[in-house]
$ cat input.tsv   # TSV, C-alpha atoms
chain	number	residue	atom	x	y	z
A	15	MET	CA	80.67	122.28	134.06
A	16	LYS	CA	82.93	124.39	131.95
A	17	LEU	CA	85.67	121.78	131.92
A	18	GLU	CA	83.33	118.94	131.00
A	19	PHE	CA	82.01	121.00	128.13
A	20	LYS	CA	85.51	121.77	126.92
A	21	MET	CA	86.54	118.12	127.10
A	22	ILE	CA	83.55	117.03	125.05
A	23	ALA	CA	83.96	119.86	122.58
A	24	VAL	CA	87.68	119.24	122.00
A	25	LEU	CA	87.39	115.46	121.63
A	26	THR	CA	84.39	115.81	119.33
A	27	ALA	CA	86.19	118.39	117.22
A	28	ILE	CA	89.33	116.22	116.92
A	29	ALA	CA	87.29	113.12	116.09
A	30	LEU	CA	85.26	115.01	113.49
A	31	ALA	CA	88.35	116.47	111.89
A	32	SER	CA	89.97	113.04	111.88
A	33	GLY	CA	86.87	111.44	110.37
A	34	GLY	CA	86.66	114.13	107.73
A	35	ILE	CA	90.30	113.84	106.75
A	36	LEU	CA	90.13	110.05	106.63
A	37	ALA	CA	86.92	110.08	104.60
A	38	TYR	CA	88.56	112.42	102.11
A	39	THR	CA	91.74	110.31	101.96
A	40	TYR	CA	89.68	107.15	101.53
A	41	VAL	CA	87.55	108.58	98.74
A	42	SER	CA	90.59	109.82	96.85
A	43	ALA	CA	92.48	106.55	97.36
A	44	ILE	CA	89.78	103.92	96.84
A	45	ASP	CA	89.73	104.14	93.03
A	46	SER	CA	93.46	103.56	92.78
A	47	ILE	CA	93.30	100.77	95.37
A	48	GLU	CA	90.57	98.96	93.45
A	49	LYS	CA	92.41	99.46	90.20
A	50	ASN	CA	95.54	98.03	91.81
A	51	ASN	CA	93.60	95.04	93.12
A	52	GLU	CA	92.08	94.43	89.68
A	53	GLU	CA	95.52	94.62	88.09
A	54	ALA	CA	96.97	92.33	90.72
A	55	LYS	CA	94.21	89.83	89.96
A	56	LYS	CA	94.91	90.02	86.24
A	57	LYS	CA	98.62	89.60	86.83
A	58	ALA	CA	97.97	86.66	89.13
A	59	VAL	CA	95.80	84.87	86.56
A	60	THR	CA	98.46	85.25	83.89
A	61	THR	CA	101.10	83.99	86.32
A	62	VAL	CA	99.31	80.87	87.47
A	63	LEU	CA	97.94	80.01	84.03
A	64	PRO	CA	100.89	80.53	81.67
A	65	GLY	CA	99.83	81.59	78.20
A	66	VAL	CA	96.32	82.64	79.12
A	67	GLN	CA	94.75	85.24	76.82
A	68	GLU	CA	91.32	85.81	78.24
A	69	TYR	CA	89.54	84.74	81.37
A	70	LYS	CA	86.09	84.76	82.92
A	71	GLU	CA	85.42	84.99	86.64
A	72	VAL	CA	82.84	82.70	88.30
A	73	LYS	CA	81.94	83.05	91.97
A	74	ILE	CA	81.85	79.93	94.12
A	75	ASP	CA	81.19	81.46	97.53
A	76	LYS	CA	81.87	84.68	99.40
A	77	HIS	CA	85.66	84.33	99.48
A	78	THR	CA	86.26	82.00	96.59
A	79	SER	CA	85.90	82.36	92.87
A	80	TYR	CA	87.44	80.64	89.91
A	81	PHE	CA	88.60	81.91	86.58
A	82	ILE	CA	88.23	79.98	83.36
A	83	GLY	CA	91.39	80.67	81.41
A	84	LYS	CA	91.28	80.48	77.62
A	85	LYS	CA	93.83	80.59	74.86
A	86	ASP	CA	92.74	80.81	71.22
A	87	GLY	CA	89.17	80.15	72.35
A	88	GLU	CA	90.06	76.92	74.08
A	89	VAL	CA	90.05	76.30	77.81
A	90	ILE	CA	93.62	75.82	79.02
A	91	GLY	CA	92.99	75.75	82.76
A	92	TYR	CA	91.30	77.10	85.81
A	93	ALA	CA	92.58	79.51	88.43
A	94	VAL	CA	91.05	79.58	91.89
A	95	LEU	CA	91.15	82.75	93.96
A	96	THR	CA	90.56	81.95	97.61
A	97	GLU	CA	91.66	82.61	101.15
A	98	GLY	CA	92.15	80.71	104.38
A	99	SER	CA	93.74	81.00	107.80
A	100	GLY	CA	97.49	81.25	108.06
A	101	PHE	CA	99.64	81.45	111.15
A	102	GLN	CA	98.46	84.94	112.08
A	103	GLY	CA	95.75	86.08	109.72
A	104	MET	CA	94.22	85.32	106.37
A	105	ILE	CA	96.29	84.21	103.41
A	106	LYS	CA	94.79	85.15	100.07
A	107	LEU	CA	96.16	83.24	97.13
A	108	MET	CA	95.48	82.18	93.57
A	109	VAL	CA	96.28	78.72	92.34
A	110	GLY	CA	96.11	77.51	88.74
A	111	PHE	CA	95.09	74.01	87.60
A	112	ASP	CA	95.49	72.47	84.18
A	113	ARG	CA	92.59	71.69	81.85
A	114	ASP	CA	91.93	68.28	83.40
A	115	VAL	CA	91.97	69.78	86.92
A	116	LYS	CA	94.73	67.45	87.95
A	117	LYS	CA	98.08	69.20	88.06
A	118	ILE	CA	98.86	72.59	89.54
A	119	THR	CA	100.14	75.03	86.94
A	120	GLY	CA	101.17	77.85	89.28
A	121	LEU	CA	100.69	79.62	92.57
A	122	GLU	CA	100.56	83.26	93.53
A	123	ILE	CA	100.29	84.59	97.08
A	124	LEU	CA	98.23	87.79	96.95
A	125	GLU	CA	97.94	88.81	100.58
A	126	ASN	CA	99.40	87.52	103.81
A	127	VAL	CA	100.23	88.84	107.26
A	128	GLU	CA	102.58	86.02	108.24
A	129	THR	CA	105.65	86.68	110.38
A	130	PRO	CA	108.07	88.89	108.41
A	131	GLY	CA	111.19	86.97	107.47
A	132	LEU	CA	109.70	83.57	108.29
A	133	GLY	CA	106.09	82.87	107.41
A	134	ASN	CA	105.89	85.58	104.79
A	135	ARG	CA	108.55	83.78	102.77
A	136	ILE	CA	105.59	81.81	101.36
A	137	ALA	CA	105.46	84.71	98.89
A	138	GLU	CA	109.02	84.02	97.68
A	139	ASP	CA	109.50	82.54	94.25
A	140	TRP	CA	111.39	79.38	95.26
A	141	PHE	CA	108.50	78.35	97.50
A	142	LYS	CA	105.79	79.10	94.94
A	143	GLU	CA	107.73	77.37	92.14
A	144	GLN	CA	107.61	74.13	94.12
A	145	PHE	CA	103.88	73.78	93.54
A	146	LYS	CA	104.21	73.66	89.77
A	147	ASP	CA	103.21	70.24	88.38
A	148	ARG	CA	102.32	68.98	91.84
A	149	VAL	CA	99.13	66.95	92.26
A	150	PRO	CA	96.68	67.50	95.16
A	151	GLU	CA	96.11	66.27	97.89
A	152	LEU	CA	99.26	68.08	98.92
A	153	CYS	CA	101.19	67.53	102.10
A	154	VAL	CA	104.26	69.11	103.69
A	155	VAL	CA	107.62	67.46	104.38
A	156	LYS	CA	110.27	68.85	106.70
A	157	GLY	CA	114.03	68.77	106.36
A	158	LYS	CA	114.15	66.48	103.32
A	159	LYS	CA	113.60	66.76	99.63
A	160	PRO	CA	110.06	66.03	98.39
A	161	GLU	CA	109.84	62.54	96.92
A	162	THR	CA	106.34	62.18	95.51
A	163	GLU	CA	104.30	64.55	93.40
A	164	HIS	CA	102.12	65.34	96.42
A	165	GLU	CA	104.90	66.64	98.63
A	166	ILE	CA	105.98	70.21	99.27
A	167	MET	CA	109.07	71.18	101.23
A	168	ALA	CA	108.22	73.37	104.24
A	169	ILE	CA	109.99	76.68	104.88
A	170	THR	CA	112.48	76.35	107.72
A	171	GLY	CA	110.99	77.92	110.82
A	172	ALA	CA	107.61	78.38	109.19
A	173	THR	CA	106.03	74.94	109.03
A	174	ILE	CA	102.63	76.24	110.07
A	175	SER	CA	102.54	78.84	107.30
A	176	SER	CA	103.73	76.27	104.73
A	177	ARG	CA	101.10	73.82	105.91
A	178	ALA	CA	98.42	76.54	105.78
A	179	VAL	CA	99.20	77.21	102.11
A	180	THR	CA	98.93	73.54	101.15
A	181	LYS	CA	95.70	73.25	103.13
A	182	ILE	CA	94.18	76.24	101.36
A	183	ILE	CA	95.20	74.78	98.01
A	184	ASN	CA	93.68	71.41	98.88
A	185	GLN	CA	90.44	73.15	99.79
A	186	ALA	CA	90.55	75.23	96.62
A	187	TYR	CA	91.02	72.04	94.63
A	188	GLU	CA	87.99	70.41	96.23
A	189	LYS	CA	85.85	73.50	95.73
A	190	LEU	CA	86.86	73.77	92.08
A	191	GLN	CA	86.09	70.11	91.44
A	192	LYS	CA	82.71	70.45	93.08
A	193	ALA	CA	81.92	73.63	91.16
A	194	LEU	CA	82.94	72.13	87.82
A	195	GLY	CA	81.24	68.82	88.57
A	196	GLY	CA	78.00	70.63	89.29
A	197	GLU	CA	78.13	72.34	85.94
A	198	GLU	CA	78.48	69.30	83.77
B	20	MET	CA	124.61	122.40	123.46
B	21	LYS	CA	121.96	123.68	125.81
B	22	LYS	CA	118.73	121.96	126.69
B	23	GLY	CA	115.91	123.70	124.86
B	24	SER	CA	118.05	124.70	121.88
B	25	ALA	CA	117.02	123.26	118.52
B	26	SER	CA	120.31	121.44	118.01
B	27	TYR	CA	120.12	119.80	121.45
B	28	GLU	CA	116.55	118.62	120.91
B	29	PHE	CA	117.56	117.16	117.57
B	30	VAL	CA	120.72	115.35	118.65
B	31	LYS	CA	119.38	113.88	121.90
B	32	GLY	CA	117.15	111.40	120.08
B	33	LEU	CA	120.06	110.02	118.11
B	34	TRP	CA	122.18	108.95	121.08
B	35	LYS	CA	121.77	110.39	124.57
B	36	GLU	CA	118.02	109.83	124.85
B	37	ASN	CA	117.70	107.30	122.06
B	38	PRO	CA	114.12	105.99	122.15
B	39	VAL	CA	115.15	102.34	121.74
B	40	LEU	CA	118.57	102.01	123.37
B	41	VAL	CA	118.02	104.34	126.33
B	42	MET	CA	114.30	104.75	126.90
B	43	LEU	CA	113.48	101.21	125.77
B	44	LEU	CA	110.30	102.43	124.13
B	45	GLY	CA	108.58	100.95	121.12
B	46	MET	CA	109.81	97.46	121.98
B	47	CYS	CA	106.96	95.74	120.16
B	48	PRO	CA	107.80	96.96	116.63
B	49	THR	CA	111.52	97.00	117.44
B	50	LEU	CA	111.57	93.32	118.28
B	51	ALA	CA	108.96	92.23	115.76
B	52	VAL	CA	110.09	93.83	112.51
B	53	SER	CA	113.86	94.10	112.84
B	54	ASN	CA	114.59	90.75	111.20
B	55	SER	CA	115.97	92.26	108.01
B	56	ALA	CA	117.68	95.52	107.10
B	57	ILE	CA	115.00	96.61	104.64
B	58	ASN	CA	112.19	95.92	107.13
B	59	GLY	CA	113.99	98.05	109.71
B	60	ILE	CA	114.37	100.97	107.32
B	61	ALA	CA	110.80	100.77	106.02
B	62	MET	CA	109.41	100.71	109.54
B	63	GLY	CA	111.69	103.59	110.54
B	64	LEU	CA	110.62	105.80	107.65
B	65	ALA	CA	106.92	105.20	108.26
B	66	VAL	CA	107.40	106.00	111.95
B	67	ILE	CA	109.27	109.22	111.12
B	68	PHE	CA	106.34	110.37	108.98
B	69	VAL	CA	103.68	109.57	111.59
B	70	LEU	CA	105.79	110.99	114.43
B	71	VAL	CA	106.55	114.25	112.64
B	72	MET	CA	102.95	114.82	111.53
B	73	SER	CA	101.49	113.94	114.94
B	74	SER	CA	103.99	116.16	116.77
B	75	LEU	CA	103.21	119.08	114.44
B	76	ILE	CA	99.46	118.81	114.99
B	77	ILE	CA	99.65	118.15	118.73
B	78	SER	CA	102.06	120.99	119.41
B	79	ALA	CA	99.94	123.34	117.29
B	80	ILE	CA	96.75	122.59	119.23
B	81	ARG	CA	98.40	121.85	122.59
B	82	LYS	CA	96.83	124.84	124.33
B	83	LEU	CA	93.32	123.81	123.29
B	84	ILE	CA	93.42	120.25	124.64
B	85	PRO	CA	92.32	119.89	128.29
B	86	SER	CA	94.84	117.66	130.05
B	87	GLU	CA	92.06	115.27	131.13
B	88	VAL	CA	91.46	114.15	127.56
B	89	ARG	CA	94.97	114.52	126.18
B	90	ILE	CA	95.68	110.80	125.76
B	91	PRO	CA	92.54	110.03	123.68
B	92	SER	CA	93.23	113.17	121.65
B	93	PHE	CA	96.81	112.04	120.92
B	94	ILE	CA	95.66	108.56	119.98
B	95	VAL	CA	93.02	109.83	117.55
B	96	VAL	CA	95.56	112.10	115.86
B	97	ILE	CA	98.17	109.31	115.65
B	98	ALA	CA	95.65	106.76	114.34
B	99	THR	CA	94.53	109.24	111.70
B	100	PHE	CA	98.05	109.59	110.31
B	101	VAL	CA	98.71	105.87	110.47
B	102	THR	CA	95.55	105.15	108.49
B	103	MET	CA	96.44	107.87	105.98
B	104	THR	CA	99.88	106.35	105.51
B	105	ASP	CA	98.35	102.92	105.04
B	106	LEU	CA	95.86	104.15	102.42
B	107	PHE	CA	98.53	106.19	100.67
B	108	PHE	CA	100.82	103.19	100.27
B	109	LYS	CA	97.95	100.96	99.12
B	110	ALA	CA	96.90	103.46	96.47
B	111	ARG	CA	100.24	104.69	95.21
B	112	TYR	CA	102.74	101.95	95.97
B	113	PRO	CA	100.86	98.63	96.14
B	114	ASP	CA	104.13	96.69	95.93
B	115	ILE	CA	105.66	98.45	98.93
B	116	SER	CA	102.36	98.13	100.77
B	117	LYS	CA	102.37	94.40	100.10
B	118	ALA	CA	105.95	94.08	101.30
B	119	LEU	CA	105.30	96.05	104.48
B	120	GLY	CA	102.18	94.03	105.22
B	121	PRO	CA	101.23	94.44	108.87
B	122	PHE	CA	104.06	96.90	109.68
B	123	ILE	CA	102.06	100.01	108.90
B	124	PRO	CA	99.08	99.31	111.19
B	125	LEU	CA	101.63	98.26	113.82
B	126	ILE	CA	102.78	101.88	114.09
B	127	ILE	CA	99.68	102.63	116.16
B	128	VAL	CA	101.04	100.48	118.99
B	129	ASN	CA	104.44	102.17	118.83
B	130	CYS	CA	104.59	103.98	122.15
B	131	ILE	CA	107.51	106.17	121.06
B	132	ILE	CA	104.99	108.30	119.21
B	133	LEU	CA	102.60	108.60	122.13
B	134	ALA	CA	105.52	109.21	124.50
B	135	ARG	CA	106.84	112.10	122.38
B	136	GLN	CA	103.38	113.70	122.34
B	137	GLU	CA	103.04	113.34	126.10
B	138	ALA	CA	106.59	114.32	127.05
B	139	PHE	CA	107.41	116.89	124.41
B	140	ALA	CA	104.97	118.04	121.75
B	141	SER	CA	102.22	118.86	124.27
B	142	LYS	CA	104.60	121.19	126.13
B	143	ASN	CA	106.76	122.78	123.43
B	144	SER	CA	106.49	125.00	120.38
B	145	VAL	CA	105.78	123.68	116.91
B	146	GLY	CA	109.35	124.28	115.75
B	147	LEU	CA	111.00	122.48	118.66
B	148	SER	CA	108.49	119.62	118.45
B	149	LEU	CA	109.33	119.18	114.78
B	150	VAL	CA	113.06	119.00	115.52
B	151	ASP	CA	112.43	116.61	118.42
B	152	ALA	CA	110.24	114.35	116.27
B	153	ILE	CA	112.81	114.16	113.45
B	154	GLY	CA	115.63	113.42	115.90
B	155	MET	CA	113.67	110.73	117.73
B	156	GLY	CA	112.46	109.23	114.44
B	157	LEU	CA	116.01	109.04	113.08
B	158	GLY	CA	117.21	107.60	116.40
B	159	PHE	CA	114.57	104.88	116.12
B	160	THR	CA	115.40	104.24	112.46
B	161	TRP	CA	119.15	103.79	112.81
B	162	VAL	CA	118.77	101.34	115.69
B	163	LEU	CA	116.19	99.30	113.77
B	164	PHE	CA	118.43	99.35	110.72
B	165	LEU	CA	121.40	98.14	112.76
B	166	LEU	CA	119.33	95.45	114.48
B	167	GLY	CA	117.91	94.35	111.14
B	168	THR	CA	121.37	94.26	109.58
B	169	ILE	CA	122.85	92.11	112.34
B	170	ARG	CA	119.90	89.74	112.45
B	171	GLU	CA	119.62	89.40	108.68
B	172	ILE	CA	123.34	88.71	108.20
B	173	LEU	CA	123.49	86.15	111.02
B	174	GLY	CA	120.06	84.67	110.41
B	175	PHE	CA	119.93	84.52	106.61
B	176	GLY	CA	123.53	85.25	105.58
B	177	THR	CA	122.19	88.10	103.43
B	178	TRP	CA	122.03	91.90	103.54
B	179	PHE	CA	119.16	93.64	101.75
B	180	GLY	CA	118.43	90.22	100.28
B	181	HIS	CA	121.90	89.81	98.74
B	182	PRO	CA	124.15	87.03	99.99
B	183	VAL	CA	127.12	88.54	101.84
B	184	LEU	CA	128.51	85.50	103.61
B	185	GLY	CA	129.95	82.57	101.71
B	186	GLY	CA	128.58	79.05	101.45
B	187	TRP	CA	130.58	78.00	104.52
B	188	PHE	CA	128.22	79.98	106.67
B	189	HIS	CA	125.35	78.12	108.25
B	190	PRO	CA	122.54	80.63	109.02
B	191	LEU	CA	121.52	80.84	112.66
B	192	ILE	CA	117.75	80.60	112.37
B	193	VAL	CA	117.39	81.70	115.99
B	194	MET	CA	118.55	85.20	114.98
B	195	ILE	CA	115.43	85.86	112.89
B	196	LEU	CA	113.16	84.32	115.50
B	197	PRO	CA	111.99	86.35	118.52
B	198	PRO	CA	114.87	85.18	120.78
B	199	GLY	CA	117.34	86.62	118.27
B	200	ALA	CA	115.66	90.00	118.60
B	201	PHE	CA	115.97	89.96	122.39
B	202	ILE	CA	119.60	88.79	122.32
B	203	THR	CA	120.69	91.36	119.73
B	204	LEU	CA	118.87	94.21	121.42
B	205	GLY	CA	120.30	93.21	124.80
B	206	VAL	CA	123.84	93.23	123.40
B	207	LEU	CA	123.29	96.63	121.76
B	208	VAL	CA	121.88	98.18	124.94
B	209	GLY	CA	124.82	96.74	126.88
B	210	LEU	CA	127.32	98.19	124.39
B	211	LYS	CA	125.60	101.56	124.57
B	212	ASN	CA	125.93	101.54	128.36
B	213	MET	CA	129.59	100.53	128.18
B	214	ILE	CA	130.36	103.41	125.83
B	215	LYS	CA	128.45	105.81	128.06
B	216	LYS	CA	130.40	104.78	131.15
B	217	GLU	CA	133.78	105.22	129.52
B	218	SER	CA	133.13	108.67	128.12
$ encode --input "input.tsv" --output "structure tokens"
Amino acid sequence: MKLEFKMIAVLTAIALASGGILAYTYVSAIDSIEKNNEEAKKKAVTTVLPGVQEYKEVKIDKHTSYFIGKKDGEVIGYAVLTEGSGFQGMIKLMVGFDRDVKKITGLEILENVETPGLGNRIAEDWFKEQFKDRVPELCVVKGKKPETEHEIMAITGATISSRAVTKIINQAYEKLQKALGGEE
Amino acid sequence: MKKGSASYEFVKGLWKENPVLVMLLGMCPTLAVSNSAINGIAMGLAVIFVLVMSSLIISAIRKLIPSEVRIPSFIVVIATFVTMTDLFFKARYPDISKALGPFIPLIIVNCIILARQEAFASKNSVGLSLVDAIGMGLGFTWVLFLLGTIREILGFGTWFGHPVLGGWFHPLIVMILPPGAFITLGVLVGLKNMIKKES
């Protein structure tokens, strides 16, 4: 009886202490984390919509929202913040479209848990730069240079991650078109 | 150096009882995140922090924990420090946190930490456990750094992201893929054994 009691008491005490410490850490960290996320969002919008001065966020669904980017009071483009499945987990990205919702103006990968050194190279500049001025529907080509404005060159050894990014962008494009179409 | 002395407990982790090359512990993070030098170092540093903190706490409360529940107790303590590290990086260094991605949560499955609690911290004083944890952590870090260096140079032709091999070099993609991790680690363990036999 004594041993059982001690086991329960010790485990409970450790778990409580752990919970307390974590709760305290979380409370003191959450403000900074949210601020960082907000700043990352702002930075992403300015990256994917070059020249943007102000923007307004509109929710589409739980994981997707779009930003109307304006410069001198005029709409210069739309940025879609969305996420989708990658090779291992979710990829969260922001993609910018021009005013006519035709061409892509920029891409920013916000979060990914792809394989380090392979899949997570989707966050490298040379890969993201490729999407500029491309026109959805996008598709991936392997081992050769892209020929049409729909093609994106896959990362060597990470075709699935490259394909996931183009798929998410295609979906974002459809969602944005639907959302804007519904408004007019 | 005598077993039980602080200097012995520190040095053993670096070579003689190296967690990766001799005990073959922590294989999951070793193989998974050693594909570049910087990844190896980042993982190593995070592990040192978690290992040192866990060893301190466990050795300090070692006499209170009944042996029947020692494993769950160790795991809760380790998980607490891993989560703290994760939150700390997210709040203070979002860029580093983004670069490390899944590495930080991966520390929980690093059995070097659990093994040190079981084999050492739960049986030794706080001071010795601290020395042991630092030695083991550094032993883990240098091997990961070496593995990462070899794999990054052969697999990407770069070191810390800077090109070190000329244009003539055709990167061996296999080196950054899982087979490259097994091959490199196997060669390193073999070398370690060769050196041991000769001395």
$ residues_around --input "input.tsv" --residues "segment 162-167 of chain A" --least-positions-apart "3" --cutoff "12 Å" --atoms "only C-alpha atoms" --output "short mmCIF file (atom, residue, chain, number, x, y, z; two decimals) with C-alpha atoms, in the coordinates of the input"
data_model
loop_
_atom_site.label_atom_id
_atom_site.label_comp_id
_atom_site.auth_asym_id
_atom_site.auth_seq_id
_atom_site.Cartn_x
_atom_site.Cartn_y
_atom_site.Cartn_z
CA LYS A 116 94.73 67.45 87.95
CA LYS A 117 98.08 69.20 88.06
CA ILE A 118 98.86 72.59 89.54
CA ILE A 136 105.59 81.81 101.36
CA TRP A 140 111.39 79.38 95.26
CA PHE A 141 108.50 78.35 97.50
CA LYS A 142 105.79 79.10 94.94
CA GLU A 143 107.73 77.37 92.14
CA GLN A 144 107.61 74.13 94.12
CA PHE A 145 103.88 73.78 93.54
CA LYS A 146 104.21 73.66 89.77
CA ASP A 147 103.21 70.24 88.38
CA ARG A 148 102.32 68.98 91.84
CA VAL A 149 99.13 66.95 92.26
CA PRO A 150 96.68 67.50 95.16
CA GLU A 151 96.11 66.27 97.89
CA LEU A 152 99.26 68.08 98.92
CA CYS A 153 101.19 67.53 102.10
CA VAL A 154 104.26 69.11 103.69
CA VAL A 155 107.62 67.46 104.38
CA LYS A 156 110.27 68.85 106.70
CA GLY A 157 114.03 68.77 106.36
CA LYS A 158 114.15 66.48 103.32
CA LYS A 159 113.60 66.76 99.63
CA THR A 170 112.48 76.35 107.72
CA GLY A 171 110.99 77.92 110.82
CA ALA A 172 107.61 78.38 109.19
CA THR A 173 106.03 74.94 109.03
CA SER A 175 102.54 78.84 107.30
CA SER A 176 103.73 76.27 104.73
CA ARG A 177 101.10 73.82 105.91
CA ALA A 178 98.42 76.54 105.78
CA VAL A 179 99.20 77.21 102.11
CA THR A 180 98.93 73.54 101.15
CA LYS A 181 95.70 73.25 103.13
CA ILE A 183 95.20 74.78 98.01
CA ASN A 184 93.68 71.41 98.88
#
$ residues_around --input "input.tsv" --residues "segment 68-74 of chain B" --least-positions-apart "6" --cutoff "8 Å" --atoms "all atoms listed in the file" --output "number ranges by chain"
B: 93, 96-97, 100-101, 104, 132, 135-136, 140, 145, 148-149, 152-153, 156
$ atom_distance --input "input.tsv" --atom1 "atom CA of Ile182 of chain A" --atom2 "atom CA of Asn54 of chain B"
26.9 Å
$ interface_residues --input "input.tsv" --of "chain A" --to "chain B" --cutoff "7 Å" --atoms "all atoms listed in the file" --output "list in words"
Met21, Val24, Leu25, Ile28, Ala29, Ser32, Leu36, Thr39, Tyr40, Ala43, Ser46, Ile47, Asn50, Val127, Pro130 and Gly131 of chain A
$ closest_residue --input "input.tsv" --among "B:Ile126, B:Leu43, B:Ala138, B:Leu207" --to "Ile77 of chain B" --atoms "only C-alpha atoms"
B:Ala138
$ closest_residue --input "input.tsv" --among "A:Ala37, A:Ile74, A:Met108, A:Ile82" --to "Val62 of chain A" --atoms "all atoms listed in the file"
A:Met108
$ residues_around --input "input.tsv" --residues "Asn37 of chain B" --least-positions-apart "4" --cutoff "12 Å" --atoms "only C-alpha atoms" --output "MDAnalysis selection string"
chainID B and resid 28:33 41:45 131 135 151:152 154:163 208 211:212
$ write_last_selection --input "input.tsv" --atoms "C-alpha atoms" --output "mmCIF file, in the frame of the given file"
data_model
loop_
_atom_site.group_PDB
_atom_site.id
_atom_site.type_symbol
_atom_site.label_atom_id
_atom_site.label_comp_id
_atom_site.auth_asym_id
_atom_site.auth_seq_id
_atom_site.Cartn_x
_atom_site.Cartn_y
_atom_site.Cartn_z
ATOM 1 C CA GLU B 28 116.550 118.620 120.910
ATOM 2 C CA PHE B 29 117.560 117.160 117.570
ATOM 3 C CA VAL B 30 120.720 115.350 118.650
ATOM 4 C CA LYS B 31 119.380 113.880 121.900
ATOM 5 C CA GLY B 32 117.150 111.400 120.080
ATOM 6 C CA LEU B 33 120.060 110.020 118.110
ATOM 7 C CA VAL B 41 118.020 104.340 126.330
ATOM 8 C CA MET B 42 114.300 104.750 126.900
ATOM 9 C CA LEU B 43 113.480 101.210 125.770
ATOM 10 C CA LEU B 44 110.300 102.430 124.130
ATOM 11 C CA GLY B 45 108.580 100.950 121.120
ATOM 12 C CA ILE B 131 107.510 106.170 121.060
ATOM 13 C CA ARG B 135 106.840 112.100 122.380
ATOM 14 C CA ASP B 151 112.430 116.610 118.420
ATOM 15 C CA ALA B 152 110.240 114.350 116.270
ATOM 16 C CA GLY B 154 115.630 113.420 115.900
ATOM 17 C CA MET B 155 113.670 110.730 117.730
ATOM 18 C CA GLY B 156 112.460 109.230 114.440
ATOM 19 C CA LEU B 157 116.010 109.040 113.080
ATOM 20 C CA GLY B 158 117.210 107.600 116.400
ATOM 21 C CA PHE B 159 114.570 104.880 116.120
ATOM 22 C CA THR B 160 115.400 104.240 112.460
ATOM 23 C CA TRP B 161 119.150 103.790 112.810
ATOM 24 C CA VAL B 162 118.770 101.340 115.690
ATOM 25 C CA LEU B 163 116.190 99.300 113.770
ATOM 26 C CA VAL B 208 121.880 98.180 124.940
ATOM 27 C CA LYS B 211 125.600 101.560 124.570
ATOM 28 C CA ASN B 212 125.930 101.540 128.360
#
$ closest_residue --input "input.tsv" --among "A:Val89, A:Ala137, A:Ile174, A:Ala58" --to "Asp114 of chain A" --atoms "only C-alpha atoms"
A:Val89
$ atom_distance --input "input.tsv" --atom1 "atom CA of Ile123 of chain A" --atom2 "atom CA of Lys106 of chain A"
6.3 Å
$ atom_distance --input "input.tsv" --atom1 "atom CA of Ile22 of chain A" --atom2 "atom CA of Leu75 of chain B"
22.4 Å
$ closest_residue --input "input.tsv" --among "B:Ala65, B:Thr49, B:Gly209, B:Lys216" --to "Ser116 of chain B" --atoms "only C-alpha atoms"
B:Ala65
$ axis_aligned_box --input "input.tsv" --around "segment 142-161 of chain A" --padding-each-side "4 Å" --output "lines of an AutoDock Vina configuration file"
center_x = 105.1
center_y = 70.8
center_z = 97.5
size_x = 26.0
size_y = 24.6
size_z = 26.3
$ residues_around --input "input.tsv" --residues "Glu88 of chain A" --least-positions-apart "3" --cutoff "12 Å" --atoms "only C-alpha atoms" --output "list in words"
Gly65, Val66, Gln67, Glu68, Tyr69, Ile82, Gly83, Lys84, Lys85, Gly91, Tyr92 and Arg113 of chain A
$ residues_around --input "input.tsv" --residues "Glu71 of chain A" --least-positions-apart "5" --cutoff "7 Å" --atoms "only C-alpha atoms" --output "JSON, numbers by chain"
{"A": [79, 80, 81, 82]}
